[in-house]
>>> print(open('run_13.tsv').read())   # TSV, C-alpha atoms
chain	number	residue	atom	x	y	z
A	1	MET	CA	83.23	-28.53	55.87
A	2	GLN	CA	80.70	-29.23	58.64
A	3	LEU	CA	83.40	-28.52	61.24
A	4	LYS	CA	84.08	-25.01	59.84
A	5	LYS	CA	80.35	-24.26	59.83
A	6	ASN	CA	80.04	-25.22	63.49
A	7	GLU	CA	82.99	-23.01	64.44
A	8	PHE	CA	81.47	-20.02	62.59
A	9	GLU	CA	78.15	-20.48	64.45
A	10	LYS	CA	80.04	-20.48	67.78
A	11	VAL	CA	81.64	-17.15	66.90
A	12	LEU	CA	78.24	-15.66	66.02
A	13	ARG	CA	76.81	-16.74	69.37
A	14	LEU	CA	79.61	-14.88	71.15
A	15	LEU	CA	78.63	-11.56	69.48
A	16	PRO	CA	76.08	-9.31	71.27
A	17	SER	CA	72.49	-9.50	70.11
A	18	LYS	CA	70.85	-6.74	68.08
A	19	GLU	CA	69.14	-5.30	71.16
A	20	ARG	CA	72.42	-5.31	73.13
A	21	PHE	CA	74.23	-3.63	70.26
A	22	LYS	CA	71.62	-0.82	70.15
A	23	PHE	CA	71.98	-0.30	73.90
A	24	PHE	CA	75.77	-0.22	73.60
A	25	PHE	CA	75.64	2.35	70.79
A	26	LEU	CA	73.20	4.52	72.77
A	27	PHE	CA	75.53	4.37	75.77
A	28	ILE	CA	78.49	5.51	73.64
A	29	LEU	CA	76.44	8.36	72.14
A	30	LEU	CA	75.24	9.61	75.52
A	31	SER	CA	78.74	9.43	76.91
A	32	PHE	CA	80.06	11.52	74.02
A	33	ILE	CA	77.28	14.11	74.48
A	34	PHE	CA	78.03	14.43	78.21
A	35	TRP	CA	81.76	14.74	77.50
A	36	LEU	CA	81.20	17.36	74.79
A	37	SER	CA	78.80	19.42	76.92
A	38	THR	CA	81.33	19.38	79.76
A	39	LYS	CA	84.11	20.58	77.47
A	40	LEU	CA	81.96	23.28	75.88
A	41	SER	CA	80.74	24.58	79.22
A	42	ASN	CA	84.27	24.94	80.57
A	43	THR	CA	86.00	28.34	80.37
A	44	TYR	CA	89.21	28.77	78.39
A	45	GLN	CA	91.67	31.57	77.75
A	46	ILE	CA	92.77	31.63	74.11
A	47	GLU	CA	94.26	33.84	71.40
A	48	GLN	CA	91.57	34.43	68.78
A	49	SER	CA	91.94	36.31	65.49
A	50	PHE	CA	89.10	38.29	63.89
A	51	SER	CA	88.88	39.81	60.44
A	52	ILE	CA	88.25	43.57	60.43
A	53	HIS	CA	85.41	45.25	58.59
A	54	TRP	CA	86.27	48.93	58.26
A	55	LYS	CA	83.29	51.29	58.45
A	56	ASN	CA	82.91	54.95	57.55
A	57	ILE	CA	85.67	54.86	54.90
A	58	PRO	CA	85.92	58.42	53.49
A	59	LYS	CA	84.90	58.93	49.87
A	60	GLY	CA	87.88	58.82	47.56
A	61	ILE	CA	89.85	56.45	49.85
A	62	VAL	CA	90.48	52.78	49.06
A	63	ILE	CA	91.84	50.54	51.81
A	64	ASP	CA	94.56	48.23	50.47
A	65	ASN	CA	94.49	45.77	53.37
A	66	ASP	CA	90.78	45.10	53.68
A	67	SER	CA	91.59	41.59	54.91
A	68	SER	CA	93.39	42.84	58.04
A	69	GLU	CA	93.20	40.62	61.09
A	70	LEU	CA	92.82	41.66	64.70
A	71	GLY	CA	94.36	39.49	67.42
A	72	LEU	CA	92.55	39.30	70.76
A	73	SER	CA	93.23	37.43	74.00
A	74	ILE	CA	89.82	36.38	75.35
A	75	THR	CA	88.34	34.24	78.09
A	76	ALA	CA	85.21	32.43	76.93
A	77	SER	CA	83.29	29.19	77.21
A	78	GLY	CA	83.94	26.35	74.82
A	79	ILE	CA	80.66	26.90	72.99
A	80	GLU	CA	81.44	30.63	72.53
A	81	ILE	CA	84.92	29.83	71.23
A	82	LEU	CA	83.43	27.32	68.77
A	83	TRP	CA	81.00	30.01	67.60
A	84	TYR	CA	83.84	32.53	67.15
A	85	ARG	CA	85.81	30.02	65.08
A	86	LEU	CA	82.90	29.08	62.80
A	87	PHE	CA	80.65	32.13	62.47
A	88	LYS	CA	81.21	35.24	64.60
A	89	ASN	CA	84.73	35.96	63.38
A	90	LYS	CA	84.44	39.58	62.21
A	91	ILE	CA	84.85	42.85	64.12
A	92	SER	CA	83.59	46.20	62.76
A	93	LEU	CA	85.72	49.28	63.40
A	94	VAL	CA	84.97	52.88	62.48
A	95	LEU	CA	87.65	54.93	60.69
A	96	ASN	CA	88.34	58.58	61.40
A	97	LYS	CA	88.86	60.53	58.18
A	98	ASN	CA	91.53	62.68	59.87
A	99	ILE	CA	94.01	59.78	59.95
A	100	PHE	CA	94.42	59.82	56.16
A	101	ILE	CA	97.23	62.36	55.86
A	102	GLY	CA	100.37	60.63	54.60
A	103	LYS	CA	100.81	57.49	52.53
A	104	GLU	CA	99.82	55.29	55.49
A	105	ALA	CA	97.23	55.65	58.24
A	106	PHE	CA	97.49	54.33	61.81
A	107	VAL	CA	94.53	53.25	63.93
A	108	SER	CA	94.83	52.90	67.71
A	109	ILE	CA	92.94	49.69	68.45
A	110	ASP	CA	93.30	50.28	72.22
A	111	ASN	CA	90.89	53.20	71.84
A	112	GLU	CA	88.35	50.79	70.39
A	113	ARG	CA	88.39	48.43	73.39
A	114	PHE	CA	84.85	49.23	74.52
A	115	ASN	CA	83.51	48.95	70.96
A	116	ILE	CA	85.19	45.55	70.51
A	117	GLN	CA	83.88	44.26	73.87
A	118	GLN	CA	80.34	45.21	72.80
A	119	GLN	CA	80.64	42.99	69.72
A	120	LEU	CA	81.63	39.91	71.74
A	121	PHE	CA	79.27	37.63	73.65
A	122	ASP	CA	78.14	38.94	77.03
A	123	ASN	CA	80.06	36.28	78.95
A	124	THR	CA	83.26	36.73	76.95
A	125	ILE	CA	86.05	38.68	78.69
A	126	LEU	CA	88.44	40.71	76.57
A	127	ASN	CA	91.81	40.25	78.27
A	128	GLN	CA	94.17	41.95	75.86
A	129	ILE	CA	94.40	43.37	72.35
A	130	THR	CA	97.48	41.78	70.84
A	131	THR	CA	97.59	44.27	67.93
A	132	PRO	CA	97.18	47.63	69.75
A	133	VAL	CA	98.07	49.75	66.71
A	134	MET	CA	97.22	48.84	63.14
A	135	LYS	CA	98.84	50.29	60.03
A	136	ILE	CA	96.55	50.81	57.06
A	137	ALA	CA	97.85	51.24	53.53
A	138	TYR	CA	95.45	53.18	51.33
A	139	ALA	CA	95.18	54.96	48.01
A	140	ARG	CA	93.40	58.12	46.91
A	141	LEU	CA	91.21	57.88	43.84
A	142	GLY	CA	90.29	60.27	41.06
A	143	VAL	CA	86.76	61.67	40.97
A	144	LYS	CA	84.46	62.47	38.05
A	145	LYS	CA	80.87	63.62	37.64
A	146	VAL	CA	78.97	61.52	35.08
A	147	LYS	CA	75.42	61.25	33.81
A	148	ILE	CA	72.98	58.56	34.94
A	149	SER	CA	70.94	56.66	32.38
A	150	SER	CA	68.29	53.96	32.55
A	151	GLU	CA	67.02	51.53	29.93
A	152	PRO	CA	63.97	49.85	31.45
A	153	THR	CA	61.57	47.59	29.61
A	154	LEU	CA	58.17	49.30	29.81
A	155	LYS	CA	55.09	47.54	28.48
A	156	PHE	CA	52.01	49.76	28.36
A	157	ARG	CA	48.41	48.68	28.51
A	158	ALA	CA	46.61	49.08	25.18
A	159	GLY	CA	45.68	52.72	24.67
A	160	TYR	CA	48.25	54.08	27.17
A	161	LEU	CA	51.61	55.75	26.44
A	162	SER	CA	54.16	57.99	28.15
A	163	ASP	CA	53.58	61.75	28.03
A	164	SER	CA	57.27	62.68	28.25
A	165	PRO	CA	60.74	61.11	28.39
A	166	LEU	CA	61.72	59.10	31.46
A	167	THR	CA	62.91	61.40	34.26
A	168	ILE	CA	65.87	60.42	36.46
A	169	TYR	CA	66.60	62.31	39.68
A	170	PRO	CA	69.37	63.01	40.38
A	171	ASP	CA	70.54	62.84	36.77
A	172	SER	CA	74.27	62.64	37.60
A	173	LEU	CA	76.59	61.42	40.35
A	174	LEU	CA	80.19	61.54	41.56
A	175	VAL	CA	82.31	58.46	40.81
A	176	TRP	CA	85.65	57.61	42.46
A	177	GLY	CA	88.07	55.21	40.83
A	178	SER	CA	91.26	54.76	38.86
A	179	GLN	CA	91.89	57.75	36.64
A	180	ASP	CA	92.39	55.48	33.61
A	181	VAL	CA	88.91	54.03	34.14
A	182	LEU	CA	87.33	57.42	34.78
A	183	ASP	CA	88.74	58.82	31.55
A	184	THR	CA	86.67	56.33	29.53
A	185	LEU	CA	83.56	56.42	31.73
A	186	THR	CA	80.74	58.46	30.16
A	187	ARG	CA	77.71	57.29	32.13
A	188	VAL	CA	76.47	55.01	34.90
A	189	LYS	CA	73.33	52.97	34.29
A	190	THR	CA	70.68	51.85	36.70
A	191	VAL	CA	70.00	48.16	37.09
A	192	SER	CA	67.62	46.85	34.45
A	193	PHE	CA	63.99	46.36	35.37
A	194	VAL	CA	60.73	45.39	33.67
A	195	MET	CA	57.26	46.88	34.19
A	196	GLU	CA	54.21	45.42	32.49
A	197	ASP	CA	50.60	46.53	31.96
A	198	ILE	CA	51.38	50.18	32.75
A	199	PHE	CA	48.33	52.44	32.75
A	200	GLU	CA	49.18	55.19	35.26
A	201	SER	CA	52.09	57.47	36.15
A	202	PHE	CA	54.71	55.96	38.43
A	203	LYS	CA	57.73	56.85	40.53
A	204	LYS	CA	60.14	54.31	42.00
A	205	ALA	CA	63.64	54.05	43.49
A	206	ILE	CA	66.14	52.07	41.41
A	207	LEU	CA	69.62	50.89	42.40
A	208	LEU	CA	72.63	51.81	40.30
A	209	GLU	CA	74.55	49.21	38.34
A	210	ASN	CA	77.62	48.14	40.28
A	211	LEU	CA	80.89	48.66	38.37
A	212	THR	CA	84.02	46.90	39.65
A	213	ASN	CA	86.55	49.07	41.52
A	214	LEU	CA	84.35	52.17	41.33
A	215	ARG	CA	82.57	53.97	44.17
A	216	TYR	CA	79.53	56.26	43.96
A	217	ASP	CA	78.34	59.07	46.19
A	218	ILE	CA	74.76	57.69	45.96
A	219	LYS	CA	73.34	54.18	45.80
A	220	GLU	CA	70.01	54.71	44.06
A	221	VAL	CA	68.01	57.20	42.00
A	222	ASN	CA	64.34	57.99	41.48
A	223	ILE	CA	62.70	57.06	38.18
A	224	LYS	CA	59.58	58.99	37.18
A	225	GLN	CA	57.28	58.56	34.18
A	226	GLU	CA	54.06	60.37	33.34
A	227	ILE	CA	51.48	58.08	31.71
A	228	SER	CA	48.08	58.89	30.21
A	229	ARG	CA	45.50	57.41	27.88
A	230	HIS	CA	46.18	58.06	24.18
A	231	SER	CA	44.08	57.85	21.08
A	232	GLU	CA	44.42	58.32	17.31
A	233	LYS	CA	43.02	61.29	15.42
A	234	LYS	CA	42.63	61.31	11.62
A	235	PHE	CA	42.48	64.50	9.58
A	236	ILE	CA	43.41	65.97	6.17
A	237	LEU	CA	46.30	68.43	6.08
A	238	PRO	CA	47.33	70.70	3.17
A	239	ILE	CA	50.90	70.30	1.86
A	240	GLU	CA	52.92	73.53	1.71
A	241	ILE	CA	55.83	74.35	-0.62
A	242	ILE	CA	58.99	75.93	0.80
A	243	ASN	CA	61.92	77.72	-0.91
A	244	ILE	CA	59.83	78.56	-3.95
A	245	PRO	CA	60.61	81.76	-5.95
A	246	LYS	CA	57.88	84.40	-6.17
A	247	SER	CA	57.79	84.16	-9.96
A	248	VAL	CA	57.12	80.41	-9.93
A	249	ARG	CA	53.89	78.56	-9.35
A	250	VAL	CA	53.83	74.86	-8.47
A	251	LYS	CA	50.74	72.68	-8.36
A	252	LEU	CA	50.89	69.50	-6.27
A	253	PHE	CA	49.08	66.25	-7.00
A	254	PRO	CA	47.51	65.59	-4.53
A	255	PRO	CA	47.63	68.92	-2.66
A	256	THR	CA	46.72	67.33	0.71
A	257	ALA	CA	47.73	64.30	2.78
A	258	ASN	CA	45.80	62.01	5.09
A	259	VAL	CA	47.30	62.30	8.57
A	260	LYS	CA	46.90	60.02	11.60
A	261	ALA	CA	48.29	61.33	14.91
A	262	THR	CA	48.57	59.53	18.25
A	263	MET	CA	48.12	61.93	21.16
A	264	PRO	CA	46.78	62.14	24.74
A	265	LEU	CA	43.01	62.20	25.04
A	266	THR	CA	43.23	65.64	26.65
A	267	LEU	CA	44.57	67.09	23.35
A	268	LEU	CA	42.04	65.57	20.99
A	269	LYS	CA	39.59	68.44	21.28
A	270	GLY	CA	42.17	71.16	21.75
A	271	PHE	CA	44.53	70.56	18.82
A	272	ASN	CA	44.48	72.75	15.70
A	273	LEU	CA	45.47	71.90	12.13
A	274	LYS	CA	47.92	74.81	12.33
A	275	ASP	CA	49.82	72.84	14.97
A	276	PHE	CA	50.97	70.47	12.20
A	277	MET	CA	52.84	71.24	9.00
A	278	LEU	CA	53.72	69.04	6.01
A	279	VAL	CA	56.03	70.48	3.35
A	280	VAL	CA	57.85	69.71	0.11
A	281	ASP	CA	61.05	71.53	-0.85
A	282	TYR	CA	61.19	73.26	-4.25
A	283	GLU	CA	65.01	73.26	-4.18
A	284	LEU	CA	64.98	69.47	-4.56
A	285	ILE	CA	63.54	69.97	-8.04
A	286	LEU	CA	66.45	72.19	-9.06
A	287	LYS	CA	69.17	70.08	-7.47
A	288	ASN	CA	68.00	66.55	-8.19
A	289	GLU	CA	65.39	66.95	-10.94
A	290	LEU	CA	63.02	64.70	-9.01
A	291	THR	CA	59.76	63.60	-10.57
A	292	HIS	CA	58.23	63.04	-7.12
A	293	LEU	CA	58.80	65.29	-4.11
A	294	PRO	CA	59.10	63.70	-0.66
A	295	ILE	CA	56.73	65.03	2.00
A	296	ARG	CA	58.29	66.02	5.34
A	297	LEU	CA	56.69	66.75	8.69
A	298	VAL	CA	58.29	69.92	10.10
A	299	LYS	CA	55.84	70.89	12.84
A	300	GLN	CA	53.84	69.01	15.44
A	301	PRO	CA	52.86	69.44	19.14
A	302	SER	CA	55.47	68.06	21.53
A	303	GLN	CA	52.87	65.87	23.28
A	304	VAL	CA	52.04	63.99	20.08
A	305	LYS	CA	53.68	60.56	20.14
A	306	LYS	CA	53.46	59.48	16.53
A	307	VAL	CA	52.35	60.99	13.21
A	308	ILE	CA	51.74	58.96	10.04
A	309	TRP	CA	50.79	60.49	6.69
A	310	GLU	CA	49.90	59.22	3.26
A	311	PRO	CA	51.06	59.65	0.56
A	312	LYS	CA	54.79	59.97	1.24
A	313	THR	CA	55.54	61.72	-2.07
A	314	VAL	CA	53.61	63.94	-4.48
A	315	ASN	CA	53.71	64.77	-8.18
A	316	TYR	CA	54.03	68.40	-9.22
A	317	LEU	CA	53.45	70.74	-12.14
A	318	ILE	CA	55.52	73.93	-12.53
A	319	ARG	CA	53.98	77.11	-13.93
A	320	LYS	CA	56.14	80.15	-14.64
>>> encode(input="run_13.tsv", output="structure tokens")
Amino acid sequence: MQLKKNEFEKVLRLLPSKERFKFFFLFILLSFIFWLSTKLSNTYQIEQSFSIHWKNIPKGIVIDNDSSELGLSITASGIEILWYRLFKNKISLVLNKNIFIGKEAFVSIDNERFNIQQQLFDNTILNQITTPVMKIAYARLGVKKVKISSEPTLKFRAGYLSDSPLTIYPDSLLVWGSQDVLDTLTRVKTVSFVMEDIFESFKKAILLENLTNLRYDIKEVNIKQEISRHSEKKFILPIEIINIPKSVRVKLFPPTANVKATMPLTLLKGFNLKDFMLVVDYELILKNELTHLPIRLVKQPSQVKKVIWEPKTVNYLIRK
């Protein structure tokens, strides 16, 4: 047992010390860095493929081969080639709308040589375009004009309300897509948004909700809302009777109703009782033999937000 222990200690003494091991590892690391920098600084001629991003696609056209690849013969440094392989692997090309005549379109890549060279690194040399002409399969889509709607969450500060419905401009747009989808499409919504503590009029640009496989002629719309301070006004309003024969007299109990209207402050002094009208219908007595007649509001200013009245029904007495 002692003999085995002595042999193990001899083996340990033959191994490099901790300090020597660190120096050896540092030497290996520096050697690798020098080797890598030498390789990356060298110039190579290679065949490199790039994915194509088509720009300026005409409205109503859908490219079937969006994942097309462009082959290029380039001369570049090792670091540039590494960058092309990992990150800079896309070339943008502009489409001419006049090429979309038949079922397929053809793009002359040779004519884009200068444009392609501009998208490469300054030291990269474009030797040859290995795909000089590219065939593009495409489809034409149906088009439909639809309304735009928005359903925001608006939270007003106490005492403030909107003066009018939310305004959207433009209120409609052109949509391109499959005809089957367009036939069932009735509107396009804006993205949802929330506004809190609103106390003044606002106008803001809102993006449209993105629907799969559909294209729009616009990307955003303007949302506008007029806001003002509101208050409640209480008053007593007489109840009128409609559809009553001339030979009949009806007495209501009570003949008036207590009304509470919410309106902009600017209207509080200017409103008139004649701007409101509460009625009961005499024909309901003949048709339904009601003992209580329901009171309906049939007239109010358009700026008034809410009207509440009490009572909701009245008793009546008929005199002939």
>>> residues_around(input="run_13.tsv", residues="region 255-266 of chain A", least_positions_apart="5", cutoff="10 Å", atoms="only C-alpha atoms", output="PDB file with C-alpha atoms, in the frame of the given file")
ATOM      1  CA  GLY A 159      45.680  52.720  24.670  1.00  0.00           C
ATOM      2  CA  TYR A 160      48.250  54.080  27.170  1.00  0.00           C
ATOM      3  CA  LEU A 161      51.610  55.750  26.440  1.00  0.00           C
ATOM      4  CA  SER A 162      54.160  57.990  28.150  1.00  0.00           C
ATOM      5  CA  ASP A 163      53.580  61.750  28.030  1.00  0.00           C
ATOM      6  CA  ILE A 227      51.480  58.080  31.710  1.00  0.00           C
ATOM      7  CA  SER A 228      48.080  58.890  30.210  1.00  0.00           C
ATOM      8  CA  ARG A 229      45.500  57.410  27.880  1.00  0.00           C
ATOM      9  CA  HIS A 230      46.180  58.060  24.180  1.00  0.00           C
ATOM     10  CA  SER A 231      44.080  57.850  21.080  1.00  0.00           C
ATOM     11  CA  GLU A 232      44.420  58.320  17.310  1.00  0.00           C
ATOM     12  CA  LYS A 233      43.020  61.290  15.420  1.00  0.00           C
ATOM     13  CA  LYS A 234      42.630  61.310  11.620  1.00  0.00           C
ATOM     14  CA  PHE A 235      42.480  64.500   9.580  1.00  0.00           C
ATOM     15  CA  ILE A 236      43.410  65.970   6.170  1.00  0.00           C
ATOM     16  CA  LEU A 237      46.300  68.430   6.080  1.00  0.00           C
ATOM     17  CA  PRO A 238      47.330  70.700   3.170  1.00  0.00           C
ATOM     18  CA  ILE A 239      50.900  70.300   1.860  1.00  0.00           C
ATOM     19  CA  GLU A 240      52.920  73.530   1.710  1.00  0.00           C
ATOM     20  CA  PHE A 271      44.530  70.560  18.820  1.00  0.00           C
ATOM     21  CA  PHE A 276      50.970  70.470  12.200  1.00  0.00           C
ATOM     22  CA  LEU A 278      53.720  69.040   6.010  1.00  0.00           C
ATOM     23  CA  ILE A 295      56.730  65.030   2.000  1.00  0.00           C
ATOM     24  CA  GLN A 300      53.840  69.010  15.440  1.00  0.00           C
ATOM     25  CA  PRO A 301      52.860  69.440  19.140  1.00  0.00           C
ATOM     26  CA  SER A 302      55.470  68.060  21.530  1.00  0.00           C
ATOM     27  CA  GLN A 303      52.870  65.870  23.280  1.00  0.00           C
ATOM     28  CA  VAL A 304      52.040  63.990  20.080  1.00  0.00           C
ATOM     29  CA  LYS A 305      53.680  60.560  20.140  1.00  0.00           C
ATOM     30  CA  LYS A 306      53.460  59.480  16.530  1.00  0.00           C
ATOM     31  CA  VAL A 307      52.350  60.990  13.210  1.00  0.00           C
ATOM     32  CA  ILE A 308      51.740  58.960  10.040  1.00  0.00           C
ATOM     33  CA  TRP A 309      50.790  60.490   6.690  1.00  0.00           C
ATOM     34  CA  GLU A 310      49.900  59.220   3.260  1.00  0.00           C
ATOM     35  CA  PRO A 311      51.060  59.650   0.560  1.00  0.00           C
ATOM     36  CA  LYS A 312      54.790  59.970   1.240  1.00  0.00           C
ATOM     37  CA  THR A 313      55.540  61.720  -2.070  1.00  0.00           C
ATOM     38  CA  VAL A 314      53.610  63.940  -4.480  1.00  0.00           C
ATOM     39  CA  ASN A 315      53.710  64.770  -8.180  1.00  0.00           C
ATOM     40  CA  TYR A 316      54.030  68.400  -9.220  1.00  0.00           C
TER      41      TYR A 316
END
>>> closest_atom_pairs(input="run_13.tsv", of="region 38-145 of chain A", to="region 215-220 of chain A", cutoff="12 Å", atoms="all atoms listed in the file", output="Markdown table")
| residue | atom | partner | partner_atom | distance |
| --- | --- | --- | --- | --- |
| A:Ile57 | CA | A:Arg215 | CA | 11.2 |
| A:Pro58 | CA | A:Asp217 | CA | 10.5 |
| A:Lys59 | CA | A:Asp217 | CA | 7.5 |
| A:Gly60 | CA | A:Arg215 | CA | 8.0 |
| A:Ile61 | CA | A:Arg215 | CA | 9.6 |
| A:Val62 | CA | A:Arg215 | CA | 9.4 |
| A:Arg140 | CA | A:Arg215 | CA | 11.9 |
| A:Leu141 | CA | A:Arg215 | CA | 9.5 |
| A:Gly142 | CA | A:Arg215 | CA | 10.4 |
| A:Val143 | CA | A:Arg215 | CA | 9.3 |
| A:Lys144 | CA | A:Tyr216 | CA | 9.9 |
| A:Lys145 | CA | A:Tyr216 | CA | 9.8 |
>>> residues_near_point(input="run_13.tsv", point="(79.6, 39.5, 66.5)", cutoff="6 Å", atoms="only C-alpha atoms", output="list of chain:residue names")
A:Lys88, A:Gln119, A:Leu120
>>> closest_residue(input="run_13.tsv", among="A:Ile81, A:Val94, A:Ile206, A:Ile244", to="Pro152 (chain A)", atoms="all atoms listed in the file")
A:Ile206
>>> residues_around(input="run_13.tsv", residues="Val191 (chain A)", least_positions_apart="4", cutoff="10 Å", atoms="all atoms listed in the file", output="list in words")
Ser149, Ser150, Glu151, Pro152, Ile206, Leu207, Leu208, Glu209, Asn210 and Glu220 of chain A
>>> residues_near_point(input="run_13.tsv", point="(53.4, 49.6, 32.4)", cutoff="6 Å", atoms="only C-alpha atoms", output="list in words")
Leu154, Lys155, Phe156, Met195, Glu196, Asp197, Ile198 and Phe199 of chain A
>>> atom_distance(input="run_13.tsv", atom1="CA of Ser192 (chain A)", atom2="CA of Ile223 (chain A)")
11.9 Å
>>> build_atoms(input="run_13.tsv", residues="region 76-94 of chain A", atoms="N, CA and C atoms", output="compact mmCIF listing (two decimals), keeping the file's coordinate frame")
# COMPACT_ATOMS: atom_id res chain seq x y z
N ALA A 76 86.57 32.75 77.35
CA ALA A 76 85.21 32.43 76.93
C ALA A 76 84.95 30.95 77.12
N SER A 77 83.67 30.59 77.10
CA SER A 77 83.29 29.19 77.21
C SER A 77 83.61 28.47 75.91
N GLY A 78 83.62 27.14 76.00
CA GLY A 78 83.94 26.35 74.82
C GLY A 78 82.95 26.58 73.70
N ILE A 79 81.66 26.71 74.03
CA ILE A 79 80.66 26.90 72.99
C ILE A 79 80.83 28.26 72.32
N GLU A 80 81.20 29.30 73.11
CA GLU A 80 81.44 30.63 72.53
C GLU A 80 82.66 30.61 71.62
N ILE A 81 83.71 29.93 72.05
CA ILE A 81 84.92 29.83 71.23
C ILE A 81 84.61 29.12 69.92
N LEU A 82 83.82 28.05 69.98
CA LEU A 82 83.43 27.32 68.77
C LEU A 82 82.65 28.25 67.82
N TRP A 83 81.79 29.07 68.40
CA TRP A 83 81.00 30.01 67.60
C TRP A 83 81.89 31.07 66.95
N TYR A 84 82.90 31.56 67.71
CA TYR A 84 83.84 32.53 67.15
C TYR A 84 84.61 31.92 65.98
N ARG A 85 85.00 30.67 66.13
CA ARG A 85 85.81 30.02 65.08
C ARG A 85 85.00 29.79 63.81
N LEU A 86 83.70 29.48 63.96
CA LEU A 86 82.90 29.08 62.80
C LEU A 86 82.12 30.24 62.17
N PHE A 87 81.59 31.13 63.00
CA PHE A 87 80.65 32.13 62.47
C PHE A 87 81.01 33.57 62.85
N LYS A 88 81.07 33.85 64.12
CA LYS A 88 81.21 35.24 64.60
C LYS A 88 82.69 35.61 64.63
N ASN A 89 83.28 35.74 63.46
CA ASN A 89 84.73 35.96 63.38
C ASN A 89 85.08 37.29 62.70
N LYS A 90 84.19 38.28 62.82
CA LYS A 90 84.44 39.58 62.21
C LYS A 90 84.14 40.69 63.21
N ILE A 91 85.02 41.69 63.25
CA ILE A 91 84.85 42.85 64.12
C ILE A 91 84.75 44.11 63.25
N SER A 92 83.76 44.95 63.51
CA SER A 92 83.59 46.20 62.76
C SER A 92 84.24 47.35 63.52
N LEU A 93 85.06 48.12 62.81
CA LEU A 93 85.72 49.28 63.40
C LEU A 93 85.48 50.50 62.52
N VAL A 94 85.26 51.64 63.18
CA VAL A 94 84.97 52.88 62.48
C VAL A 94 86.27 53.65 62.26
